[in-house]
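Enquirer: Got structure07.txt for you, compact mmCIF, C-alpha atoms and all ligand atoms:
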# COMPACT_ATOMS: atom_id res chain seq x y z
CA MET D 1 272.57 165.34 134.10
CA LEU D 2 268.87 166.26 133.74
CA LYS D 3 268.78 166.84 129.99
CA GLY D 4 265.41 165.80 128.57
CA LYS D 5 263.78 165.78 132.00
CA THR D 6 261.18 168.25 133.27
CA ALA D 7 261.17 169.90 136.68
CA LEU D 8 258.13 171.68 138.10
CA VAL D 9 258.92 173.98 141.01
CA THR D 10 256.02 175.54 142.91
CA GLY D 11 256.51 179.10 144.15
CA SER D 12 259.44 179.66 141.79
CA THR D 13 258.97 183.32 140.87
CA SER D 14 261.09 184.29 143.89
CA GLY D 15 263.56 183.17 146.55
CA ILE D 16 264.41 179.53 147.12
CA GLY D 17 262.09 178.18 144.42
CA LEU D 18 263.67 180.36 141.75
CA GLY D 19 267.18 179.38 142.93
CA ILE D 20 266.33 175.68 142.74
CA ALA D 21 264.69 176.10 139.30
CA LYS D 22 267.89 177.75 138.04
CA ALA D 23 270.10 175.00 139.51
CA LEU D 24 267.99 172.30 137.82
CA ALA D 25 267.97 174.25 134.53
CA GLN D 26 271.77 174.41 134.74
CA GLN D 27 271.71 170.60 134.68
CA GLY D 28 269.63 170.72 131.49
CA ALA D 29 266.10 170.22 132.88
CA ASN D 30 263.16 171.93 131.22
CA ILE D 31 261.33 173.98 133.82
CA VAL D 32 257.71 174.71 134.74
CA LEU D 33 257.60 177.84 136.89
CA ASN D 34 254.76 178.75 139.25
CA GLY D 35 254.11 181.55 141.70
CA PHE D 36 252.78 185.07 142.01
CA GLY D 37 254.26 188.39 140.88
CA ASP D 38 256.51 188.92 137.87
CA SER D 39 257.04 185.68 135.96
CA GLU D 40 258.62 187.27 132.86
CA GLN D 41 262.04 188.01 134.38
CA PRO D 42 262.55 184.50 135.89
CA ARG D 43 261.25 182.98 132.68
CA ALA D 44 263.73 184.93 130.55
CA GLU D 45 266.63 184.12 132.90
CA ILE D 46 265.92 180.39 132.71
CA ALA D 47 265.28 180.40 128.95
CA SER D 48 268.71 182.01 128.50
CA MET D 49 270.21 178.82 129.97
CA GLY D 50 269.13 176.96 126.83
CA VAL D 51 266.24 174.92 128.27
CA LYS D 52 262.49 175.12 127.64
CA VAL D 53 260.51 177.01 130.24
CA GLU D 54 256.76 177.33 130.84
CA TYR D 55 254.83 179.19 133.52
CA HIS D 56 251.51 178.39 135.21
CA GLY D 57 250.07 180.80 137.77
CA ALA D 58 248.05 178.28 139.84
CA ASP D 59 247.21 179.40 143.37
CA MET D 60 248.58 176.61 145.59
CA SER D 61 245.66 177.01 147.99
CA LYS D 62 243.24 175.92 145.23
CA PRO D 63 243.17 172.16 144.43
CA ASP D 64 241.37 172.69 141.08
CA GLN D 65 244.07 175.16 139.95
CA ILE D 66 246.80 172.73 141.07
CA ALA D 67 245.18 169.98 138.98
CA ASP D 68 245.07 172.35 136.02
CA MET D 69 248.79 173.15 136.45
CA MET D 70 249.71 169.45 136.52
CA LYS D 71 247.67 168.84 133.34
CA PHE D 72 249.32 171.86 131.72
CA ALA D 73 252.81 170.50 132.57
CA ALA D 74 251.94 167.10 131.11
CA SER D 75 250.59 168.72 127.94
CA LYS D 76 253.71 170.86 127.41
CA PHE D 77 256.21 168.14 128.33
CA ASP D 78 255.51 164.41 128.60
CA ARG D 79 255.44 164.37 132.37
CA VAL D 80 256.93 165.96 135.47
CA ASP D 81 260.13 164.06 136.35
CA VAL D 82 261.24 166.30 139.23
CA LEU D 83 258.60 167.86 141.46
CA VAL D 84 259.78 170.49 143.93
CA ASN D 85 257.09 171.44 146.43
CA ASN D 86 258.38 174.82 147.54
CA ALA D 87 255.55 177.40 147.65
CA GLY D 88 255.11 178.69 151.16
CA ILE D 89 253.90 181.58 153.27
CA GLN D 90 254.37 182.58 156.89
CA HIS D 91 252.18 184.21 159.53
CA VAL D 92 253.50 185.14 162.96
CA ALA D 93 251.14 185.41 165.98
CA ASN D 94 250.41 183.73 169.31
CA VAL D 95 247.98 180.85 168.88
CA GLU D 96 245.13 182.67 170.66
CA ASP D 97 245.54 185.62 168.27
CA PHE D 98 246.11 183.53 165.13
CA PRO D 99 243.46 184.45 162.52
CA PRO D 100 241.75 181.16 161.50
CA GLU D 101 241.86 182.15 157.83
CA ARG D 102 245.66 182.61 158.05
CA TRP D 103 245.95 179.15 159.66
CA ASP D 104 243.94 177.66 156.78
CA ALA D 105 246.06 179.49 154.18
CA VAL D 106 249.39 178.38 155.71
CA ILE D 107 248.26 174.73 155.92
CA ALA D 108 246.79 174.80 152.39
CA ILE D 109 249.83 176.37 150.70
CA ASN D 110 252.68 174.88 152.80
CA LEU D 111 251.26 171.36 153.23
CA THR D 112 248.09 170.39 151.35
CA SER D 113 249.33 171.69 147.98
CA ALA D 114 252.20 169.15 148.17
CA PHE D 115 249.67 166.34 148.63
CA HIS D 116 247.84 167.40 145.47
CA THR D 117 250.92 167.92 143.26
CA THR D 118 252.49 164.68 144.49
CA ARG D 119 249.38 162.51 144.07
CA LEU D 120 249.06 163.82 140.50
CA ALA D 121 252.77 163.48 139.61
CA ILE D 122 253.48 160.00 141.02
CA PRO D 123 251.61 157.82 138.47
CA ALA D 124 253.73 159.00 135.50
CA MET D 125 256.91 158.81 137.61
CA ARG D 126 256.06 155.22 138.52
CA GLN D 127 255.41 154.40 134.89
CA ALA D 128 258.82 155.82 133.90
CA ASN D 129 260.39 154.14 136.94
CA TRP D 130 262.22 157.39 137.68
CA GLY D 131 261.20 160.48 139.56
CA ARG D 132 262.19 162.88 142.29
CA VAL D 133 259.87 164.58 144.76
CA ILE D 134 261.70 167.22 146.79
CA ASN D 135 259.74 168.95 149.53
CA ILE D 136 261.07 172.24 150.86
CA ALA D 137 260.34 171.87 154.57
CA SER D 138 262.33 173.93 157.11
CA ALA D 139 264.26 173.70 160.37
CA HIS D 140 260.69 174.27 161.58
CA GLY D 141 259.88 170.81 160.21
CA LEU D 142 262.07 169.42 163.01
CA VAL D 143 261.85 171.92 165.87
CA ALA D 144 259.41 174.68 166.82
CA SER D 145 259.52 178.42 167.44
CA ALA D 146 256.91 180.44 169.30
CA GLN D 147 254.30 182.39 167.29
CA LYS D 148 254.57 180.06 164.28
CA SER D 149 251.99 177.38 165.09
CA ALA D 150 250.57 176.99 161.58
CA TYR D 151 253.98 177.07 159.88
CA VAL D 152 255.52 174.59 162.33
CA ALA D 153 252.48 172.29 162.02
CA ALA D 154 252.64 172.43 158.21
CA LYS D 155 256.42 171.85 158.10
CA HIS D 156 256.33 168.95 160.59
CA GLY D 157 253.45 167.62 158.47
CA ILE D 158 255.42 167.76 155.26
CA VAL D 159 258.34 165.89 156.85
CA GLY D 160 255.90 163.10 157.78
CA PHE D 161 254.34 163.20 154.32
CA THR D 162 257.83 162.91 152.79
CA LYS D 163 258.57 159.73 154.76
CA THR D 164 255.25 158.15 153.78
CA VAL D 165 255.69 158.85 150.06
CA ALA D 166 259.28 157.54 150.30
CA LEU D 167 257.99 154.26 151.76
CA GLU D 168 255.24 153.91 149.16
CA THR D 169 257.77 154.35 146.32
CA ALA D 170 260.69 152.52 147.98
CA THR D 171 260.88 149.65 145.48
CA THR D 172 260.80 151.99 142.47
CA GLY D 173 263.12 154.55 140.87
CA VAL D 174 261.06 157.32 142.44
CA THR D 175 262.44 158.97 145.58
CA CYS D 176 260.94 161.52 147.94
CA ASN D 177 263.00 163.67 150.30
CA ALA D 178 262.75 166.92 152.22
CA ILE D 179 265.20 169.82 152.48
CA CYS D 180 265.13 171.72 155.78
CA PRO D 181 266.72 175.17 155.40
CA GLY D 182 267.54 177.46 158.29
CA TRP D 183 267.31 181.22 157.69
CA VAL D 184 267.64 182.16 154.01
CA LEU D 185 267.55 185.85 153.14
CA THR D 186 264.47 185.89 150.87
CA PRO D 187 261.42 188.21 150.83
CA LEU D 188 259.69 185.82 153.30
CA VAL D 189 262.45 186.37 155.89
CA GLN D 190 263.14 190.01 155.01
CA LYS D 191 259.57 190.77 156.14
CA GLN D 192 260.27 189.17 159.54
CA ILE D 193 263.49 191.19 159.86
CA ASP D 194 261.69 194.44 158.93
CA ASP D 195 258.85 193.67 161.39
CA ARG D 196 261.39 193.01 164.14
CA ALA D 197 263.29 196.25 163.43
CA ALA D 198 260.01 198.23 163.56
CA ARG D 199 258.78 196.44 166.72
CA GLU D 200 262.04 196.93 168.64
CA GLY D 201 262.90 200.33 167.16
CA ILE D 202 266.31 199.09 165.95
CA ALA D 203 268.17 199.25 162.63
CA VAL D 204 267.41 196.55 160.04
CA ALA D 205 271.07 195.39 160.15
CA GLN D 206 270.82 194.93 163.92
CA ALA D 207 267.50 193.04 163.56
CA GLN D 208 269.18 190.74 161.01
CA LYS D 209 272.07 190.07 163.40
CA GLU D 210 269.67 189.28 166.27
CA LEU D 211 267.55 186.97 164.09
CA LEU D 212 270.60 184.91 163.11
CA GLY D 213 272.08 184.97 166.62
CA GLU D 214 268.90 183.55 168.14
CA LYS D 215 268.75 180.37 166.03
CA GLN D 216 271.57 179.86 163.53
CA PRO D 217 274.96 179.11 165.18
CA SER D 218 276.94 179.78 161.98
CA LEU D 219 275.61 183.37 162.11
CA GLN D 220 275.37 183.18 158.32
CA PHE D 221 272.34 182.83 156.09
CA THR D 222 271.87 179.64 154.09
CA THR D 223 271.95 180.62 150.39
CA VAL D 224 269.59 179.65 147.59
CA ASP D 225 272.62 178.34 145.65
CA GLN D 226 273.43 175.92 148.48
CA LEU D 227 269.83 174.66 148.41
CA GLY D 228 269.97 174.38 144.62
CA GLY D 229 273.14 172.29 144.96
CA LEU D 230 271.42 169.89 147.35
CA ALA D 231 268.39 169.58 145.05
CA VAL D 232 270.74 168.70 142.18
CA PHE D 233 272.44 166.06 144.35
CA LEU D 234 269.04 164.56 145.27
CA CYS D 235 268.36 164.21 141.52
CA SER D 236 271.68 162.43 140.90
CA PRO D 237 272.28 158.66 140.73
CA ALA D 238 274.34 159.00 143.95
CA ALA D 239 271.04 159.76 145.72
CA ASP D 240 269.11 156.76 144.34
CA GLN D 241 268.94 155.26 147.84
CA VAL D 242 268.40 158.50 149.71
CA ARG D 243 264.76 158.05 150.67
CA GLY D 244 262.58 159.83 153.20
CA VAL D 245 265.27 162.06 154.68
CA ALA D 246 264.73 165.53 156.12
CA TRP D 247 268.09 167.12 155.30
CA GLN D 248 269.07 170.18 157.32
CA VAL D 249 270.94 173.04 155.66
CA ASP D 250 270.59 175.26 158.69
CA GLY D 251 274.02 176.41 159.93
CA GLY D 252 273.64 174.18 163.00
CA TRP D 253 270.15 175.40 164.06
CA THR D 254 268.78 171.91 164.80
CA ALA D 255 272.06 170.52 166.16
CA GLN D 256 271.52 172.50 169.37
P1 LIG O 301 259.45 183.74 149.02
O1 LIG O 301 258.37 184.54 149.66
O2 LIG O 301 260.67 184.41 148.47
O3 LIG O 301 258.86 182.86 147.85
C1 LIG O 301 257.65 182.18 147.98
C2 LIG O 301 257.17 181.76 146.61
O4 LIG O 301 255.90 181.11 146.77
C3 LIG O 301 256.93 182.96 145.67
O5 LIG O 301 257.25 182.57 144.34
C4 LIG O 301 255.44 183.19 145.81
O6 LIG O 301 254.85 183.84 144.67
C5 LIG O 301 254.95 181.77 145.95
N1 LIG O 301 253.63 181.66 146.54
C6 LIG O 301 253.17 182.19 147.70
N2 LIG O 301 251.87 181.88 147.86
C7 LIG O 301 251.52 181.14 146.79
C8 LIG O 301 250.32 180.53 146.36
N3 LIG O 301 249.19 180.62 147.07
N4 LIG O 301 250.31 179.87 145.18
C9 LIG O 301 251.43 179.79 144.42
N5 LIG O 301 252.59 180.35 144.77
C10 LIG O 301 252.63 181.01 145.93
O7 LIG O 301 259.81 182.65 150.12
P2 LIG O 301 261.06 181.67 150.30
O8 LIG O 301 261.78 182.11 151.51
O9 LIG O 301 261.80 181.48 149.03
O10 LIG O 301 260.30 180.33 150.69
C11 LIG O 301 260.19 179.22 149.83
C12 LIG O 301 259.97 177.98 150.68
O11 LIG O 301 261.10 177.78 151.53
C13 LIG O 301 258.75 178.06 151.60
O12 LIG O 301 258.10 176.81 151.64
C14 LIG O 301 259.36 178.40 152.94
O13 LIG O 301 258.57 177.95 154.00
C15 LIG O 301 260.65 177.60 152.86
N6 LIG O 301 261.69 178.05 153.79
C16 LIG O 301 262.18 179.32 153.74
C17 LIG O 301 263.16 179.69 154.65
C18 LIG O 301 263.77 181.06 154.64
O14 LIG O 301 264.53 181.36 155.58
N7 LIG O 301 263.52 181.90 153.65
C19 LIG O 301 263.62 178.78 155.59
C20 LIG O 301 263.09 177.50 155.60
C21 LIG O 301 262.13 177.15 154.69
For this file, produce the structure as structure tokens.
Ligand code: NAD
Expert:
Amino acid sequence: MLKGKTALVTGSTSGIGLGIAKALAQQGANIVLNGFGDSEQPRAEIASMGVKVEYHGADMSKPDQIADMMKFAASKFDRVDVLVNNAGIQHVANVEDFPPERWDAVIAINLTSAFHTTRLAIPAMRQANWGRVINIASAHGLVASAQKSAYVAAKHGIVGFTKTVALETATTGVTCNAICPGWVLTPLVQKQIDDRAAREGIAVAQAQKELLGEKQPSLQFTTVDQLGGLAVFLCSPAADQVRGVAWQVDGGWTAQ
């Protein structure tokens, strides 16, 4: 379905971003990976699916590096057809204890980076009259949890940003939507489970059970494959008129 198209997924060396990159590659899209840590393994995995794959290590908190990544993508492939704004970090603390530099980092990486990638990707999408911007928000884009002020602010922000871009592109073949996962067992969440186990002096398995029980009625993690499947749907012709949605994949979290 995406043969000949190019997808750039930020934060795709791990977790949800990597899962979505693989799902899009399975549909034939060439992939631009981004993120920290080992890029060789993800690169090899995606190349083995028979598509072209490039990697750019831009730090999503640095607008000049983001601009460089977007130029790099355009130089390797004609343009970015599918932009997945996924890179994200978390910091957990009460607002009065929240380190200002962690606030700035969460807002920069989880929200402002999507402004920069999107503003740079949209002109070529408009010209081609086809494009997909998919923002990985969160259940925290729709409801809050204590101790996550920066994350909740950034995720609510990206849901609003999604709606605005959807309106600005509404008469074109470019769509913009958000995906709002509940708990997904990735390194970002594993850290919260480990911290909880240490804080409460309980086993990691028990901490995992409590984490799910608190928020996610299905008591099951959302999987990266399920999120990849939704991203593929959003790229399909069936989703041509899906515009500005914030689509929960959260086991009932926000239905409560
Ligand atoms: P993860 O920690 O597994 O992956 C995060 C990715 O972002 C990694 O590739 C990392 O290298 C990259 N990254 C981090 N800081 C970066 C920076 N400054 N510049 C470039 N890349 C950077 O996390 P994940 O759980 O896969 O999260 C991915 C997205 O999904 C995030 O936006 C997160 O908020 C969102 N999300 C996750 C969950 C969950 O339960 N895991 C739930 C809802 C939403």
Enquirer: Kindly compile the residues surrounding ligand LIG 301 (chain O) within 6 Å, counting only C-alpha atoms and all ligand atoms, and format them as JSON, numbers by chain.
Expert: {"D": [11, 12, 13, 14, 15, 16, 17, 35, 36, 37, 58, 59, 60, 61, 86, 87, 88, 89, 109, 110, 136, 137, 138, 181, 182, 183, 184, 185, 186, 187, 188, 189]}
Enquirer: With all atoms listed in the file as the atoms that count, which of D:Ala205, D:Ala231, D:Leu120, D:Ala255 lies nearest to Asp64 (chain D)?
Expert: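 The answer is D:Leu120, which sits nearest to Asp64 (chain D).
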Enquirer: So that I can check the surroundings of Thr171 (chain D), please list as a list in words every protein, DNA and RNA residue that reaches within 12 Å of it, counting all atoms listed in the file and ignoring chain neighbours fewer than 3 positions away.
Expert: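 Counting only the stated atoms, we get Arg126, Asn129, Trp130, Val165, Ala166, Leu167, Glu168, Val174, Thr175, Asp240, Gln241 and Arg243 of chain D.
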Enquirer: Provide the CA of Arg79 (chain D) to CA of Lys5 (chain D) distance in Å, to one decimal place.
Expert: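 Going from CA of Arg79 (chain D) over to CA of Lys5 (chain D) covers 8.5 Å.
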Enquirer: Work out how far CA of Gly252 (chain D) is from CA of Val106 (chain D), in Å to one decimal.
Expert: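 The value is 25.7 Å.
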Enquirer: For Ala73 (chain D), list every protein, DNA or RNA residue within 10 Å, evaluated using only C-alpha atoms, and leave out those in the same chain fewer than 4 positions away; present the list as an NGL selection string.
Expert: :D and (6-8 or 31-33 or 54-56 or 67-69 or 77-80 or 121)
Enquirer: Can you spit out the residues from that selection as a JSON list (two decimals), keeping the file's coordinate frame, using C-alpha atoms?
Expert:
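Below is the file selection-v4.json, written as the result:
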[["chain", "number", "residue", "atom", "x", "y", "z"],
["D", 6, "THR", "CA", 261.18, 168.25, 133.27],
["D", 7, "ALA", "CA", 261.17, 169.90, 136.68],
["D", 8, "LEU", "CA", 258.13, 171.68, 138.10],
["D", 31, "ILE", "CA", 261.33, 173.98, 133.82],
["D", 32, "VAL", "CA", 257.71, 174.71, 134.74],
["D", 33, "LEU", "CA", 257.60, 177.84, 136.89],
["D", 54, "GLU", "CA", 256.76, 177.33, 130.84],
["D", 55, "TYR", "CA", 254.83, 179.19, 133.52],
["D", 56, "HIS", "CA", 251.51, 178.39, 135.21],
["D", 67, "ALA", "CA", 245.18, 169.98, 138.98],
["D", 68, "ASP", "CA", 245.07, 172.35, 136.02],
["D", 69, "MET", "CA", 248.79, 173.15, 136.45],
["D", 77, "PHE", "CA", 256.21, 168.14, 128.33],
["D", 78, "ASP", "CA", 255.51, 164.41, 128.60],
["D", 79, "ARG", "CA", 255.44, 164.37, 132.37],
["D", 80, "VAL", "CA", 256.93, 165.96, 135.47],
["D", 121, "ALA", "CA", 252.77, 163.48, 139.61]]
Enquirer: At what distance in Å, to one decimal, does CA of Pro63 (chain D) lie from CA of Thr169 (chain D)?
Expert: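 It comes out at 23.1 Å.
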Enquirer: For each of D:Lys62, D:Arg196, D:Lys71, D:His140, take the minimum atom-to-atom distance to Gln248 (chain D), counting all atoms listed in the file, then give the residue where this is smallest.
Expert: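 Of all the options, D:His140 lies closest to Gln248 (chain D).
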Enquirer: Compare D:Lys155, D:Gly201, D:Val53, D:Gln256 by their minimum atom-to-atom distance to Gln41 (chain D), counting only C-alpha atoms, and give me the closest one.
Expert: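 Among D:Lys155, D:Gly201, D:Val53, D:Gln256, it is D:Val53 that comes nearest to Gln41 (chain D).
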Enquirer: Do a neighbour search on Ala23 (chain D) at 7 Å with all atoms listed in the file, toss out local chain neighbours closer than 2 positions, and write the hits as a ChimeraX atom specification.
Expert: /D:19-21,25-27,228-229,232
Enquirer: Calculated over only C-alpha atoms, which of the candidates D:Leu211, D:Cys235, D:Ala114, D:Cys176 has the smallest distance to Ala29 (chain D)?
Expert: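 Result for the nearest residue to Ala29 (chain D): D:Cys235.
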Enquirer: With distances taken over only C-alpha atoms, which residue among D:Gly50, D:Gly57, D:Gly28, D:Pro100 lies nearest Val9 (chain D)?
Expert: D:Gly57
Enquirer: For a cutoff of 9 Å around the file-coordinate point (253.9, 172.6, 161.1), which residues qualify once you count all atoms listed in the file? I'd like the result as a VMD selection string.
Expert: chain D and resid 107 110 to 111 140 to 142 144 148 to 158
Enquirer: Which residue, D:Pro123, D:Ile134, D:Lys191, D:His116, has the smallest gap to Val92 (chain D) when you use all atoms listed in the file?
Expert: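 Checking each candidate against Val92 (chain D), we get D:Lys191 as the closest.
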